[in-house]
Amino acid sequence: MQNNKVSIVAIALVLVAFIAGYGCSSSKKNGKQDVKSEAAQDTTNQMNDMTQYKHMSPDHVAIKGHVLMYNENKPEGAVIKIDEVLGYGSGAPMLAAGQQINASISSATVSDTTGGTDIKSLLTSGNTLIFILNHSGGKMMGAPQNASAAWRIQTIKQ
């Protein structure tokens, strides 16, 4: 009779250990899946960022870049160095990474992703930003060869 009690207790202990071990291993797997799903989510967000700029409005360009110079006293007060071109709308002049452009900030708005930061703080931060630029006209007939195209910053995102 006592042997039966010992074997029942031993079986119960083995079952409890098995269940506890299974529970721990499944929580580890869930933790790994969470990390994998976070990485997949980051990749998805990057893909969404890239695809959202592929279909821009006419005469618009989306770029990643940083401000080299900002002069708040001039409406064309920003010189932007382009790090990456994200997308073009039809009719927009071609831009390239490494190029510097002058851009008007007179009609710029700040995207919600900047957390309430004002335009001056963003432009003087030195951070890489995403700019949605509007090409407001190009070289006109009779204009000098070195006349630059007119770019306006429409939206700034961090």
# chains A, B, ... in the order shown; residues from 1 in each chain; ligands from 1
$ select_by_dssp --residues "stretch 57-156 of chain A" --states "strand (DSSP E)" --output "number ranges by chain"
A: 60-70, 78-88, 100-104, 109-110, 129-135, 151-156
$ residues_around --residues "stretch 118-135 of chain A" --least-positions-apart "6" --cutoff "8 Å" --atoms "only C-alpha atoms" --output "JSON, numbers by chain"
{"A": [59, 60, 61, 62, 63, 64, 65, 66, 67, 68, 70, 72, 78, 92, 93, 108, 109, 110, 149, 150, 151, 152, 153, 154, 155, 156, 157, 158]}
$ write_last_selection --atoms "N, CA and C atoms" --output "PDB file, in the first residue's frame"
ATOM      1  N   ASP A  59       4.768  67.464 -59.197  1.00  0.00           N
ATOM      2  CA  ASP A  59       5.731  68.497 -58.799  1.00  0.00           C
ATOM      3  C   ASP A  59       6.177  68.393 -57.341  1.00  0.00           C
ATOM      4  N   HIS A  60       6.050  67.238 -56.732  1.00  0.00           N
ATOM      5  CA  HIS A  60       6.489  67.036 -55.352  1.00  0.00           C
ATOM      6  C   HIS A  60       7.588  65.976 -55.305  1.00  0.00           C
ATOM      7  N   VAL A  61       8.477  66.119 -54.319  1.00  0.00           N
ATOM      8  CA  VAL A  61       9.549  65.169 -54.082  1.00  0.00           C
ATOM      9  C   VAL A  61       9.648  64.938 -52.580  1.00  0.00           C
ATOM     10  N   ALA A  62       9.870  63.706 -52.182  1.00  0.00           N
ATOM     11  CA  ALA A  62      10.117  63.380 -50.777  1.00  0.00           C
ATOM     12  C   ALA A  62      11.594  63.018 -50.652  1.00  0.00           C
ATOM     13  N   ILE A  63      12.264  63.674 -49.704  1.00  0.00           N
ATOM     14  CA  ILE A  63      13.693  63.404 -49.497  1.00  0.00           C
ATOM     15  C   ILE A  63      13.974  63.223 -48.013  1.00  0.00           C
ATOM     16  N   LYS A  64      15.073  62.537 -47.747  1.00  0.00           N
ATOM     17  CA  LYS A  64      15.659  62.495 -46.414  1.00  0.00           C
ATOM     18  C   LYS A  64      16.893  63.367 -46.502  1.00  0.00           C
ATOM     19  N   GLY A  65      17.054  64.263 -45.542  1.00  0.00           N
ATOM     20  CA  GLY A  65      18.217  65.133 -45.585  1.00  0.00           C
ATOM     21  C   GLY A  65      18.370  65.912 -44.302  1.00  0.00           C
ATOM     22  N   HIS A  66      19.344  66.772 -44.291  1.00  0.00           N
ATOM     23  CA  HIS A  66      19.565  67.624 -43.120  1.00  0.00           C
ATOM     24  C   HIS A  66      19.889  69.037 -43.574  1.00  0.00           C
ATOM     25  N   VAL A  67      19.580  69.965 -42.712  1.00  0.00           N
ATOM     26  CA  VAL A  67      19.745  71.375 -43.032  1.00  0.00           C
ATOM     27  C   VAL A  67      21.192  71.789 -42.759  1.00  0.00           C
ATOM     28  N   LEU A  68      21.827  72.343 -43.789  1.00  0.00           N
ATOM     29  CA  LEU A  68      23.189  72.849 -43.640  1.00  0.00           C
ATOM     30  C   LEU A  68      23.181  74.289 -43.137  1.00  0.00           C
ATOM     31  N   TYR A  70      20.324  77.645 -42.125  1.00  0.00           N
ATOM     32  CA  TYR A  70      18.959  78.144 -41.963  1.00  0.00           C
ATOM     33  C   TYR A  70      19.025  79.626 -41.629  1.00  0.00           C
ATOM     34  N   GLU A  72      16.321  82.492 -40.857  1.00  0.00           N
ATOM     35  CA  GLU A  72      14.898  82.761 -40.674  1.00  0.00           C
ATOM     36  C   GLU A  72      14.473  84.124 -41.206  1.00  0.00           C
ATOM     37  N   ALA A  78      16.604  78.065 -46.220  1.00  0.00           N
ATOM     38  CA  ALA A  78      17.167  76.772 -45.839  1.00  0.00           C
ATOM     39  C   ALA A  78      17.983  76.180 -46.981  1.00  0.00           C
ATOM     40  N   ALA A  92       8.282  66.567 -61.496  1.00  0.00           N
ATOM     41  CA  ALA A  92       9.266  67.099 -60.553  1.00  0.00           C
ATOM     42  C   ALA A  92      10.674  66.908 -61.108  1.00  0.00           C
ATOM     43  N   PRO A  93      11.524  67.932 -61.001  1.00  0.00           N
ATOM     44  CA  PRO A  93      12.910  67.778 -61.445  1.00  0.00           C
ATOM     45  C   PRO A  93      13.637  66.707 -60.624  1.00  0.00           C
ATOM     46  N   ALA A 108       5.982  76.081 -44.954  1.00  0.00           N
ATOM     47  CA  ALA A 108       6.250  74.765 -44.372  1.00  0.00           C
ATOM     48  C   ALA A 108       5.328  74.482 -43.196  1.00  0.00           C
ATOM     49  N   THR A 109       4.940  73.210 -43.092  1.00  0.00           N
ATOM     50  CA  THR A 109       4.200  72.740 -41.929  1.00  0.00           C
ATOM     51  C   THR A 109       4.983  71.602 -41.307  1.00  0.00           C
ATOM     52  N   VAL A 110       4.716  71.363 -40.033  1.00  0.00           N
ATOM     53  CA  VAL A 110       5.395  70.307 -39.306  1.00  0.00           C
ATOM     54  C   VAL A 110       4.424  69.147 -39.149  1.00  0.00           C
ATOM     55  N   ALA A 149      16.322  75.963 -59.520  1.00  0.00           N
ATOM     56  CA  ALA A 149      14.889  75.709 -59.466  1.00  0.00           C
ATOM     57  C   ALA A 149      14.358  76.177 -58.117  1.00  0.00           C
ATOM     58  N   ALA A 150      13.111  76.543 -58.063  1.00  0.00           N
ATOM     59  CA  ALA A 150      12.506  77.034 -56.830  1.00  0.00           C
ATOM     60  C   ALA A 150      11.844  75.882 -56.083  1.00  0.00           C
ATOM     61  N   TRP A 151      12.360  75.556 -54.906  1.00  0.00           N
ATOM     62  CA  TRP A 151      11.807  74.512 -54.068  1.00  0.00           C
ATOM     63  C   TRP A 151      11.184  75.129 -52.838  1.00  0.00           C
ATOM     64  N   ARG A 152      10.046  74.612 -52.447  1.00  0.00           N
ATOM     65  CA  ARG A 152       9.391  75.024 -51.203  1.00  0.00           C
ATOM     66  C   ARG A 152       9.236  73.800 -50.317  1.00  0.00           C
ATOM     67  N   ILE A 153       9.557  73.961 -49.044  1.00  0.00           N
ATOM     68  CA  ILE A 153       9.319  72.878 -48.082  1.00  0.00           C
ATOM     69  C   ILE A 153       7.836  72.909 -47.746  1.00  0.00           C
ATOM     70  N   GLN A 154       7.173  71.813 -48.023  1.00  0.00           N
ATOM     71  CA  GLN A 154       5.760  71.739 -47.705  1.00  0.00           C
ATOM     72  C   GLN A 154       5.537  71.111 -46.338  1.00  0.00           C
ATOM     73  N   THR A 155       6.225  69.999 -46.072  1.00  0.00           N
ATOM     74  CA  THR A 155       6.047  69.281 -44.792  1.00  0.00           C
ATOM     75  C   THR A 155       7.407  68.806 -44.304  1.00  0.00           C
ATOM     76  N   ILE A 156       7.574  68.839 -42.984  1.00  0.00           N
ATOM     77  CA  ILE A 156       8.787  68.336 -42.341  1.00  0.00           C
ATOM     78  C   ILE A 156       8.370  67.236 -41.373  1.00  0.00           C
ATOM     79  N   LYS A 157       9.054  66.092 -41.466  1.00  0.00           N
ATOM     80  CA  LYS A 157       8.798  64.968 -40.563  1.00  0.00           C
ATOM     81  C   LYS A 157      10.113  64.519 -39.938  1.00  0.00           C
ATOM     82  N   GLN A 158      10.038  64.042 -38.703  1.00  0.00           N
ATOM     83  CA  GLN A 158      11.232  63.501 -38.050  1.00  0.00           C
ATOM     84  C   GLN A 158      11.333  62.029 -38.295  1.00  0.00           C
TER      85      GLN A 158
END
$ residues_around --residues "A:Asn73" --least-positions-apart "2" --cutoff "12 Å" --atoms "only C-alpha atoms" --output "list in words"
Tyr70, Asn71, Pro75, Glu76, Gly77, Ala78, Ser104, Ile105, Ser106 and Lys120 of chain A
$ write_last_selection --atoms "N, CA and C atoms" --output "short mmCIF file (atom, residue, chain, number, x, y, z; two decimals), in the first residue's frame"
data_model
loop_
_atom_site.label_atom_id
_atom_site.label_comp_id
_atom_site.auth_asym_id
_atom_site.auth_seq_id
_atom_site.Cartn_x
_atom_site.Cartn_y
_atom_site.Cartn_z
N TYR A 70 20.32 77.64 -42.12
CA TYR A 70 18.96 78.14 -41.96
C TYR A 70 19.02 79.63 -41.63
N ASN A 71 18.32 80.44 -42.40
CA ASN A 71 18.26 81.87 -42.17
C ASN A 71 16.78 82.25 -42.07
N PRO A 75 12.84 84.16 -46.84
CA PRO A 75 11.88 83.08 -47.11
C PRO A 75 12.52 81.87 -47.77
N GLU A 76 13.63 82.05 -48.47
CA GLU A 76 14.36 80.92 -49.06
C GLU A 76 15.53 80.57 -48.15
N GLY A 77 15.27 80.54 -46.86
CA GLY A 77 16.33 80.47 -45.88
C GLY A 77 16.91 79.14 -45.53
N ALA A 78 16.60 78.06 -46.22
CA ALA A 78 17.17 76.77 -45.84
C ALA A 78 17.98 76.18 -46.98
N SER A 104 12.53 77.27 -49.84
CA SER A 104 11.73 78.25 -49.14
C SER A 104 11.02 77.56 -47.98
N ILE A 105 10.99 78.20 -46.84
CA ILE A 105 10.31 77.64 -45.68
C ILE A 105 9.03 78.39 -45.37
N SER A 106 8.66 79.35 -46.23
CA SER A 106 7.54 80.24 -45.93
C SER A 106 6.21 79.51 -45.76
N LYS A 120 11.61 76.14 -36.55
CA LYS A 120 12.97 76.65 -36.30
C LYS A 120 13.79 75.62 -35.53
#
$ atom_distance --atom1 "atom CA of A:Val79" --atom2 "atom CA of A:Gly98"
12.3 Å
$ atom_distance --atom1 "atom CA of A:Ser107" --atom2 "atom CA of A:Lys74"
12.5 Å
$ atom_distance --atom1 "atom CA of A:Gln52" --atom2 "atom CA of A:Leu86"
9.0 Å
